[in-house]
$ cat entry-v4.txt   # compact mmCIF, C-alpha atoms
# COMPACT_ATOMS: atom_id res chain seq x y z
CA MET A 1 70.64 136.02 68.29
CA GLU A 2 67.17 137.56 68.11
CA VAL A 3 65.74 138.04 64.62
CA LYS A 4 63.38 140.75 63.38
CA ILE A 5 60.06 139.71 61.89
CA SER A 6 58.08 141.33 59.07
CA ALA A 7 54.38 140.44 59.24
CA VAL A 8 52.58 140.48 55.88
CA ILE A 9 48.82 140.55 55.22
CA ILE A 10 46.95 140.86 51.92
CA THR A 11 43.52 142.51 52.07
CA PHE A 12 40.41 143.49 50.18
CA ASN A 13 37.44 144.95 52.08
CA GLU A 14 38.42 143.45 55.44
CA GLU A 15 37.12 146.12 57.81
CA LYS A 16 35.36 143.54 60.01
CA ASN A 17 38.50 141.41 60.47
CA ILE A 18 41.70 143.40 60.02
CA GLU A 19 41.91 145.13 63.42
CA ARG A 20 41.78 141.83 65.32
CA CYS A 21 44.58 140.51 63.13
CA LEU A 22 46.78 143.59 63.58
CA VAL A 23 46.37 143.68 67.37
CA SER A 24 47.49 140.04 67.63
CA LEU A 25 50.74 140.91 65.84
CA LYS A 26 51.78 143.88 67.98
CA GLU A 27 54.14 141.98 70.31
CA ILE A 28 55.57 139.78 67.56
CA ALA A 29 56.22 141.87 64.48
CA ASP A 30 58.90 144.52 64.05
CA GLU A 31 57.02 145.79 61.00
CA ILE A 32 53.58 145.06 59.56
CA ILE A 33 52.97 145.30 55.82
CA VAL A 34 49.42 145.33 54.45
CA VAL A 35 49.12 144.86 50.69
CA ASP A 36 45.62 145.90 49.68
CA SER A 37 43.88 145.43 46.33
CA PHE A 38 42.00 148.76 46.43
CA SER A 39 39.45 148.20 49.19
CA THR A 40 36.33 150.35 49.13
CA ASP A 41 35.51 150.03 52.84
CA ARG A 42 37.41 151.23 55.97
CA THR A 43 40.31 148.76 55.63
CA LYS A 44 42.88 151.45 54.81
CA GLU A 45 41.68 153.77 57.57
CA ILE A 46 41.88 151.01 60.20
CA CYS A 47 45.32 149.89 59.07
CA GLU A 48 46.77 153.38 59.09
CA SER A 49 45.41 153.97 62.60
CA HIS A 50 47.65 151.09 63.70
CA GLY A 51 50.74 152.56 62.05
CA VAL A 52 51.32 149.79 59.51
CA LYS A 53 52.91 150.14 56.10
CA PHE A 54 49.89 150.17 53.74
CA VAL A 55 50.51 149.50 50.05
CA SER A 56 47.92 149.30 47.25
CA HIS A 57 48.60 146.74 44.53
CA GLU A 58 46.42 145.24 41.80
CA PHE A 59 45.28 141.70 42.60
CA GLU A 60 46.37 139.09 40.05
CA GLY A 61 45.82 136.00 42.18
CA HIS A 62 46.44 134.87 45.76
CA ILE A 63 49.85 133.36 44.98
CA GLN A 64 51.03 136.31 42.91
CA GLN A 65 49.83 138.85 45.49
CA LYS A 66 51.52 137.08 48.40
CA ASN A 67 54.81 136.69 46.55
CA TRP A 68 54.74 140.39 45.61
CA ALA A 69 53.95 141.33 49.22
CA ILE A 70 57.16 139.64 50.37
CA THR A 71 59.14 142.06 48.19
CA GLN A 72 57.84 144.91 50.38
CA THR A 73 59.41 143.55 53.57
CA SER A 74 62.67 144.87 55.02
CA ASN A 75 63.41 141.86 57.26
CA LYS A 76 64.62 138.40 56.27
CA ILE A 77 62.08 136.59 58.47
CA VAL A 78 58.45 136.81 57.36
CA LEU A 79 55.21 135.91 59.16
CA SER A 80 52.27 135.70 56.77
CA LEU A 81 48.67 135.99 57.96
CA ASP A 82 45.33 136.43 56.25
CA ALA A 83 43.18 139.33 57.41
CA ASP A 84 40.63 136.96 58.99
CA GLU A 85 43.26 135.28 61.18
CA GLU A 86 44.81 136.11 64.53
CA VAL A 87 47.65 134.67 66.56
CA SER A 88 46.49 132.87 69.72
CA GLU A 89 48.24 133.55 73.03
CA GLU A 90 49.97 130.14 73.02
CA LEU A 91 51.15 130.56 69.44
CA LYS A 92 52.36 134.10 70.19
CA ASN A 93 54.56 132.75 72.98
CA SER A 94 55.93 130.04 70.69
CA ILE A 95 56.81 132.60 68.02
CA LEU A 96 58.45 134.92 70.54
CA GLN A 97 60.59 132.00 71.69
CA VAL A 98 61.85 131.10 68.19
CA LYS A 99 62.36 134.80 67.52
CA LYS A 100 64.98 134.72 70.28
CA GLU A 101 66.51 131.45 69.09
CA TRP A 102 65.96 131.13 65.34
CA LYS A 103 67.22 127.69 64.32
CA LYS A 104 65.12 126.47 61.36
CA ASP A 105 64.29 127.85 57.92
CA GLY A 106 60.56 127.72 58.52
CA TYR A 107 57.97 127.08 61.23
CA SER A 108 54.48 125.64 60.88
CA PHE A 109 51.48 125.54 63.23
CA ASN A 110 47.88 124.37 63.31
CA ARG A 111 45.05 126.61 62.19
CA MET A 112 41.68 126.32 63.94
CA THR A 113 38.64 127.77 62.19
CA ASN A 114 35.63 129.52 63.66
CA TYR A 115 32.62 128.72 61.46
CA CYS A 116 29.43 130.70 62.09
CA GLY A 117 30.45 131.12 65.74
CA LYS A 118 31.62 127.52 66.35
CA TRP A 119 35.23 126.33 66.56
CA ILE A 120 35.74 123.40 64.19
CA LYS A 121 37.96 120.66 65.64
CA HIS A 122 37.47 117.79 63.17
CA GLY A 123 36.97 117.07 59.46
CA LEU A 124 39.39 118.44 56.89
CA TRP A 125 39.57 121.78 58.71
CA TYR A 126 41.54 120.71 61.80
CA PRO A 127 44.39 120.33 62.38
CA ASP A 128 44.92 122.54 59.33
CA VAL A 129 48.73 122.77 59.33
CA LYS A 130 50.09 125.99 57.86
CA LEU A 131 53.69 127.01 57.16
CA ARG A 132 53.51 130.74 57.79
CA LEU A 133 56.79 131.77 59.44
CA TRP A 134 59.95 131.49 57.36
CA ASP A 135 63.21 132.85 56.02
CA LYS A 136 62.13 134.55 52.80
CA THR A 137 65.35 133.52 51.02
CA LYS A 138 64.44 129.84 51.46
CA GLY A 139 61.26 129.48 49.39
CA SER A 140 58.20 131.10 47.78
CA TRP A 141 54.42 130.87 47.52
CA GLY A 142 53.10 128.17 45.19
CA GLY A 143 50.17 125.79 44.85
CA LYS A 144 47.09 126.48 42.74
CA ASN A 145 44.86 129.53 43.19
CA PRO A 146 42.96 130.13 45.37
CA HIS A 147 44.64 127.55 47.64
CA ASP A 148 48.15 128.91 48.04
CA THR A 149 50.87 127.22 50.06
CA TYR A 150 54.37 128.31 50.99
CA ILE A 151 57.00 125.94 49.59
CA LEU A 152 60.44 125.80 51.18
CA ASN A 153 63.47 124.83 49.11
CA SER A 154 64.24 121.10 49.16
CA ASN A 155 67.23 121.38 51.50
CA SER A 156 65.42 123.55 54.05
CA THR A 157 64.61 122.67 57.66
CA GLN A 158 61.35 123.28 59.52
CA LYS A 159 59.65 122.71 62.86
CA HIS A 160 56.06 122.64 64.11
CA LEU A 161 55.13 125.12 66.86
CA LYS A 162 52.62 124.79 69.70
CA GLY A 163 49.52 126.97 69.58
CA ASP A 164 46.77 127.62 67.05
CA LEU A 165 46.39 130.26 64.40
CA LEU A 166 42.76 131.33 64.86
CA HIS A 167 40.79 131.65 61.64
CA TYR A 168 37.45 133.50 61.55
CA SER A 169 36.20 132.12 58.26
CA TYR A 170 32.48 132.57 57.65
CA TYR A 171 29.92 134.42 59.72
CA THR A 172 26.95 132.90 57.84
CA ILE A 173 26.32 129.76 55.78
CA GLU A 174 25.31 131.91 52.81
CA GLU A 175 28.69 133.66 52.95
CA HIS A 176 30.34 130.21 52.80
CA ARG A 177 28.22 129.18 49.79
CA LEU A 178 29.10 132.34 47.88
CA GLN A 179 32.81 131.96 48.62
CA ALA A 180 32.70 128.29 47.59
CA ASP A 181 31.21 129.28 44.22
CA LYS A 182 33.93 131.90 43.78
CA PHE A 183 36.71 129.46 44.73
CA ALA A 184 35.31 126.79 42.37
CA LYS A 185 35.59 129.23 39.44
CA ILE A 186 39.12 130.30 40.37
CA ALA A 187 40.25 126.69 40.86
CA ALA A 188 38.72 125.54 37.58
CA GLN A 189 40.54 128.29 35.70
CA ALA A 190 43.83 127.49 37.48
CA TYR A 191 43.45 123.77 36.69
CA HIS A 192 42.66 124.58 33.05
CA GLU A 193 45.74 126.78 32.71
CA ALA A 194 47.85 124.01 34.26
CA GLY A 195 46.57 121.50 31.69
CA LYS A 196 44.49 119.43 34.13
CA LYS A 197 41.45 117.63 32.76
CA SER A 198 37.98 116.92 34.05
CA SER A 199 35.72 113.98 33.20
CA PHE A 200 32.26 112.68 34.03
CA PHE A 201 33.95 110.29 36.47
CA LYS A 202 35.60 113.20 38.32
CA ILE A 203 32.40 115.26 38.30
CA ILE A 204 30.51 112.39 39.95
CA PHE A 205 33.01 110.67 42.21
CA SER A 206 35.44 113.44 43.34
CA PRO A 207 32.68 115.29 45.25
CA ILE A 208 31.55 112.02 46.89
CA SER A 209 35.12 111.25 47.90
CA ARG A 210 35.50 114.75 49.32
CA PHE A 211 32.32 114.40 51.39
CA ILE A 212 33.31 110.99 52.78
CA SER A 213 36.78 112.25 53.67
CA SER A 214 35.45 115.36 55.39
CA TYR A 215 32.41 113.99 57.19
CA ILE A 216 33.25 110.34 57.90
CA LEU A 217 36.95 109.52 57.63
CA ASN A 218 38.06 112.71 59.38
CA ARG A 219 35.08 112.67 61.78
CA GLY A 220 33.45 115.90 60.69
CA PHE A 221 30.22 114.52 62.16
CA LEU A 222 31.64 115.30 65.63
CA ASP A 223 31.23 119.01 64.85
CA GLY A 224 27.46 118.57 64.68
CA LYS A 225 25.38 120.62 62.25
CA ALA A 226 28.40 122.74 61.32
CA GLY A 227 30.23 119.59 60.25
CA VAL A 228 27.32 118.63 57.99
CA ASN A 229 27.17 122.08 56.39
CA ILE A 230 30.92 122.16 55.77
CA ALA A 231 30.94 118.69 54.19
CA VAL A 232 27.91 119.43 51.98
CA ILE A 233 29.27 122.76 50.72
CA SER A 234 32.66 121.14 50.12
CA TYR A 235 30.87 118.46 48.06
CA LYS A 236 29.09 121.10 45.97
CA GLU A 237 32.27 123.17 45.51
CA THR A 238 34.23 120.15 44.25
CA LYS A 239 31.42 119.19 41.85
CA GLN A 240 31.16 122.74 40.53
CA LYS A 241 34.94 122.97 40.05
CA TYR A 242 35.07 119.89 37.82
CA LYS A 243 31.90 120.89 35.92
CA LEU A 244 33.40 124.30 35.12
CA LEU A 245 36.71 122.70 34.15
CA LYS A 246 34.83 120.39 31.76
CA GLU A 247 33.15 123.41 30.20
CA LEU A 248 36.51 125.15 29.74
CA GLN A 249 37.89 122.06 28.01
CA ASN A 250 35.02 122.12 25.52
CA VAL A 251 35.37 125.77 24.54
$ encode --input "entry-v4.txt" --output "structure tokens"
Amino acid sequence: MEVKISAVIITFNEEKNIERCLVSLKEIADEIIVVDSFSTDRTKEICESHGVKFVSHEFEGHIQQKNWAITQTSNKIVLSLDADEEVSEELKNSILQVKKEWKKDGYSFNRMTNYCGKWIKHGLWYPDVKLRLWDKTKGSWGGKNPHDTYILNSNSTQKHLKGDLLHYSYYTIEEHRLQADKFAKIAAQAYHEAGKKSSFFKIIFSPISRFISSYILNRGFLDGKAGVNIAVISYKETKQKYKLLKELQNV
């Protein structure tokens, strides 16, 4: 029996990305819900031109926003995308197939990232497995902001699909640096609220471990200069996260 799919996207000032995302969902989704945290650019105008359900809602965190967005869906099966993602042709065909024969509680797939115009195929960024298609009665968003993850109930079943979710992450290195600084602050606050602790050991060695994992162990060096930039910024983000967490502990 064929199921109906509700596609959900959260946005804030995504005029350069959102149309590509919406177009990729046209053949898959029976409804598209965009939950926007009061964009000041053309995001709303673009969304409404594609006939989606557009809802404004105050942003309280990635996890909270995505869980609230699910409440706006009318179908049991949900496909969650970020505004800077699109469904590849191969992945679209895989989703259409499971739509006809829904057998599991959730379906995952790889995400491949475009970084400053280059597709990243190594390091910690690929294969970046994401669980994004699921029965909304079988789980919820969790993790630690800003790195949310969908968590299925313990007795749930899932399967991995063929095809990549295409992620257009950063158009410039400076954009990546600024986002890394923002994510470090959010993560430090989330860790602090969860009772996690930092230390001089973590400030020094966690960033080094992150760099080695990204650039050497997971062969980020095969992505050339982009692999270097990603590993270095990841190093700095990890260091900043634990430094900020240490400061919060001492307040």
$ closest_atom_pairs --input "entry-v4.txt" --of "range 89-169 of chain A" --to "range 2-12 of chain A" --cutoff "7 Å" --atoms "all atoms listed in the file" --output "tab-separated table"
residue	atom	partner	partner_atom	distance
A:Lys99	CA	A:Val3	CA	5.5
A:Lys100	CA	A:Glu2	CA	4.2
A:Glu101	CA	A:Glu2	CA	6.2
A:Trp102	CA	A:Val3	CA	7.0
$ closest_residue --input "entry-v4.txt" --among "A:Ser199, A:Thr43, A:Asn75, A:Ser214" --to "Leu245 in chain A" --atoms "all atoms listed in the file"
A:Ser199
$ residues_around --input "entry-v4.txt" --residues "Val98 in chain A" --least-positions-apart "2" --cutoff "12 Å" --atoms "only C-alpha atoms" --output "mmCIF file with C-alpha atoms, keeping the file's coordinate frame"
data_model
loop_
_atom_site.group_PDB
_atom_site.id
_atom_site.type_symbol
_atom_site.label_atom_id
_atom_site.label_comp_id
_atom_site.auth_asym_id
_atom_site.auth_seq_id
_atom_site.Cartn_x
_atom_site.Cartn_y
_atom_site.Cartn_z
ATOM 1 C CA MET A 1 70.640 136.020 68.290
ATOM 2 C CA GLU A 2 67.170 137.560 68.110
ATOM 3 C CA VAL A 3 65.740 138.040 64.620
ATOM 4 C CA LYS A 4 63.380 140.750 63.380
ATOM 5 C CA ILE A 5 60.060 139.710 61.890
ATOM 6 C CA ILE A 28 55.570 139.780 67.560
ATOM 7 C CA ILE A 77 62.080 136.590 58.470
ATOM 8 C CA LEU A 91 51.150 130.560 69.440
ATOM 9 C CA LYS A 92 52.360 134.100 70.190
ATOM 10 C CA ASN A 93 54.560 132.750 72.980
ATOM 11 C CA SER A 94 55.930 130.040 70.690
ATOM 12 C CA ILE A 95 56.810 132.600 68.020
ATOM 13 C CA LEU A 96 58.450 134.920 70.540
ATOM 14 C CA LYS A 100 64.980 134.720 70.280
ATOM 15 C CA GLU A 101 66.510 131.450 69.090
ATOM 16 C CA TRP A 102 65.960 131.130 65.340
ATOM 17 C CA LYS A 103 67.220 127.690 64.320
ATOM 18 C CA LYS A 104 65.120 126.470 61.360
ATOM 19 C CA ASP A 105 64.290 127.850 57.920
ATOM 20 C CA GLY A 106 60.560 127.720 58.520
ATOM 21 C CA TYR A 107 57.970 127.080 61.230
ATOM 22 C CA SER A 108 54.480 125.640 60.880
ATOM 23 C CA LEU A 133 56.790 131.770 59.440
ATOM 24 C CA TRP A 134 59.950 131.490 57.360
ATOM 25 C CA GLN A 158 61.350 123.280 59.520
ATOM 26 C CA LYS A 159 59.650 122.710 62.860
ATOM 27 C CA HIS A 160 56.060 122.640 64.110
ATOM 28 C CA LEU A 161 55.130 125.120 66.860
ATOM 29 C CA LYS A 162 52.620 124.790 69.700
#
$ residues_around --input "entry-v4.txt" --residues "range 149-151 of chain A" --least-positions-apart "3" --cutoff "10 Å" --atoms "only C-alpha atoms" --output "list in words"
His62, Ile63, Lys66, Asn67, Ser80, Gly106, Lys130, Leu131, Arg132, Leu133, Trp134, Lys138, Gly139, Ser140, Trp141, Gly142, Gly143, Lys144, Asn145, Pro146, Ser154 and Ser156 of chain A
$ closest_residue --input "entry-v4.txt" --among "A:Lys121, A:Lys44, A:Arg20, A:Lys197" --to "Arg219 in chain A" --atoms "only C-alpha atoms"
A:Lys121
$ atom_distance --input "entry-v4.txt" --atom1 "CA of Gln179 in chain A" --atom2 "CA of Ser234 in chain A"
10.9 Å
$ closest_residue --input "entry-v4.txt" --among "A:Val35, A:Glu86, A:Glu237, A:Gly224" --to "Ile120 in chain A" --atoms "all atoms listed in the file"
A:Gly224
$ residues_around --input "entry-v4.txt" --residues "Ser213 in chain A" --least-positions-apart "6" --cutoff "12 Å" --atoms "all atoms listed in the file" --output "MDAnalysis selection string"
chainID A and resid 122:125 206:207 219:221 227 230:232 234:235
$ build_atoms --input "entry-v4.txt" --residues "range 106-141 of chain A" --atoms "N, CA and C atoms" --output "mmCIF file, in the coordinates of the input"
data_model
loop_
_atom_site.group_PDB
_atom_site.id
_atom_site.type_symbol
_atom_site.label_atom_id
_atom_site.label_comp_id
_atom_site.auth_asym_id
_atom_site.auth_seq_id
_atom_site.Cartn_x
_atom_site.Cartn_y
_atom_site.Cartn_z
ATOM 1 N N GLY A 106 61.982 127.415 58.497
ATOM 2 C CA GLY A 106 60.560 127.720 58.520
ATOM 3 C C GLY A 106 59.869 127.045 59.692
ATOM 4 N N TYR A 107 58.734 127.627 60.108
ATOM 5 C CA TYR A 107 57.970 127.080 61.230
ATOM 6 C C TYR A 107 56.492 126.994 60.855
ATOM 7 N N SER A 108 55.896 125.851 61.155
ATOM 8 C CA SER A 108 54.480 125.640 60.880
ATOM 9 C C SER A 108 53.694 125.586 62.185
ATOM 10 N N PHE A 109 52.363 125.667 62.066
ATOM 11 C CA PHE A 109 51.480 125.540 63.230
ATOM 12 C C PHE A 109 50.091 125.197 62.749
ATOM 13 N N ASN A 110 49.257 124.732 63.660
ATOM 14 C CA ASN A 110 47.880 124.370 63.310
ATOM 15 C C ASN A 110 47.015 125.625 63.192
ATOM 16 N N ARG A 111 46.036 125.546 62.289
ATOM 17 C CA ARG A 111 45.050 126.610 62.190
ATOM 18 C C ARG A 111 43.684 126.047 62.591
ATOM 19 N N MET A 112 43.014 126.729 63.514
ATOM 20 C CA MET A 112 41.680 126.320 63.940
ATOM 21 C C MET A 112 40.666 127.363 63.470
ATOM 22 N N THR A 113 39.602 126.882 62.839
ATOM 23 C CA THR A 113 38.640 127.770 62.190
ATOM 24 C C THR A 113 37.354 127.944 62.997
ATOM 25 N N ASN A 114 36.916 129.192 63.071
ATOM 26 C CA ASN A 114 35.630 129.520 63.660
ATOM 27 C C ASN A 114 34.621 129.650 62.519
ATOM 28 N N TYR A 115 33.619 128.787 62.541
ATOM 29 C CA TYR A 115 32.620 128.720 61.460
ATOM 30 C C TYR A 115 31.246 129.077 62.012
ATOM 31 N N CYS A 116 30.747 130.231 61.633
ATOM 32 C CA CYS A 116 29.430 130.700 62.090
ATOM 33 C C CYS A 116 29.336 130.655 63.620
ATOM 34 N N GLY A 117 30.435 131.040 64.288
ATOM 35 C CA GLY A 117 30.450 131.120 65.740
ATOM 36 C C GLY A 117 30.902 129.860 66.454
ATOM 37 N N LYS A 118 31.203 128.792 65.732
ATOM 38 C CA LYS A 118 31.620 127.520 66.350
ATOM 39 C C LYS A 118 33.041 127.167 65.921
ATOM 40 N N TRP A 119 33.874 126.765 66.882
ATOM 41 C CA TRP A 119 35.230 126.330 66.560
ATOM 42 C C TRP A 119 35.187 124.902 66.032
ATOM 43 N N ILE A 120 35.751 124.706 64.849
ATOM 44 C CA ILE A 120 35.740 123.400 64.190
ATOM 45 C C ILE A 120 37.008 122.636 64.571
ATOM 46 N N LYS A 121 36.829 121.418 65.120
ATOM 47 C CA LYS A 121 37.960 120.660 65.640
ATOM 48 C C LYS A 121 38.130 119.291 64.963
ATOM 49 N N HIS A 122 37.385 119.067 63.871
ATOM 50 C CA HIS A 122 37.470 117.790 63.170
ATOM 51 C C HIS A 122 37.344 118.036 61.660
ATOM 52 N N GLY A 123 37.109 116.958 60.908
ATOM 53 C CA GLY A 123 36.970 117.070 59.460
ATOM 54 C C GLY A 123 38.282 117.441 58.803
ATOM 55 N N LEU A 124 38.192 118.038 57.635
ATOM 56 C CA LEU A 124 39.390 118.440 56.890
ATOM 57 C C LEU A 124 39.894 119.820 57.323
ATOM 58 N N TRP A 125 39.213 120.428 58.296
ATOM 59 C CA TRP A 125 39.570 121.780 58.710
ATOM 60 C C TRP A 125 40.450 121.835 59.953
ATOM 61 N N TYR A 126 40.661 120.689 60.634
ATOM 62 C CA TYR A 126 41.540 120.710 61.800
ATOM 63 C C TYR A 126 42.125 119.321 62.057
ATOM 64 N N PRO A 127 43.443 119.210 62.357
ATOM 65 C CA PRO A 127 44.390 120.330 62.380
ATOM 66 C C PRO A 127 44.780 120.739 60.958
ATOM 67 N N ASP A 128 44.619 121.986 60.651
ATOM 68 C CA ASP A 128 44.920 122.540 59.330
ATOM 69 C C ASP A 128 46.319 123.152 59.404
ATOM 70 N N VAL A 129 47.331 122.332 59.140
ATOM 71 C CA VAL A 129 48.730 122.770 59.330
ATOM 72 C C VAL A 129 49.124 123.798 58.276
ATOM 73 N N LYS A 130 49.672 124.916 58.743
ATOM 74 C CA LYS A 130 50.090 125.990 57.860
ATOM 75 C C LYS A 130 51.556 126.357 58.124
ATOM 76 N N LEU A 131 52.322 126.492 57.064
ATOM 77 C CA LEU A 131 53.690 127.010 57.160
ATOM 78 C C LEU A 131 53.612 128.501 56.890
ATOM 79 N N ARG A 132 53.746 129.305 57.930
ATOM 80 C CA ARG A 132 53.510 130.740 57.790
ATOM 81 C C ARG A 132 54.650 131.616 58.317
ATOM 82 N N LEU A 133 55.663 131.008 58.894
ATOM 83 C CA LEU A 133 56.790 131.770 59.440
ATOM 84 C C LEU A 133 58.066 131.211 58.839
ATOM 85 N N TRP A 134 58.818 132.038 58.089
ATOM 86 C CA TRP A 134 59.950 131.490 57.360
ATOM 87 C C TRP A 134 60.975 132.558 56.976
ATOM 88 N N ASP A 135 62.133 132.040 56.600
ATOM 89 C CA ASP A 135 63.210 132.850 56.020
ATOM 90 C C ASP A 135 62.859 133.043 54.550
ATOM 91 N N LYS A 136 62.638 134.291 54.146
ATOM 92 C CA LYS A 136 62.130 134.550 52.800
ATOM 93 C C LYS A 136 63.110 134.197 51.686
ATOM 94 N N THR A 137 64.371 133.922 52.033
ATOM 95 C CA THR A 137 65.350 133.520 51.020
ATOM 96 C C THR A 137 65.304 132.008 50.771
ATOM 97 N N LYS A 138 64.446 131.303 51.509
ATOM 98 C CA LYS A 138 64.440 129.840 51.460
ATOM 99 C C LYS A 138 63.241 129.238 50.737
ATOM 100 N N GLY A 139 62.416 130.044 50.077
ATOM 101 C CA GLY A 139 61.260 129.480 49.390
ATOM 102 C C GLY A 139 60.386 130.549 48.767
ATOM 103 N N SER A 140 59.152 130.158 48.374
ATOM 104 C CA SER A 140 58.200 131.100 47.780
ATOM 105 C C SER A 140 56.799 130.489 47.824
ATOM 106 N N TRP A 141 55.800 131.345 47.581
ATOM 107 C CA TRP A 141 54.420 130.870 47.520
ATOM 108 C C TRP A 141 54.187 130.092 46.233
#
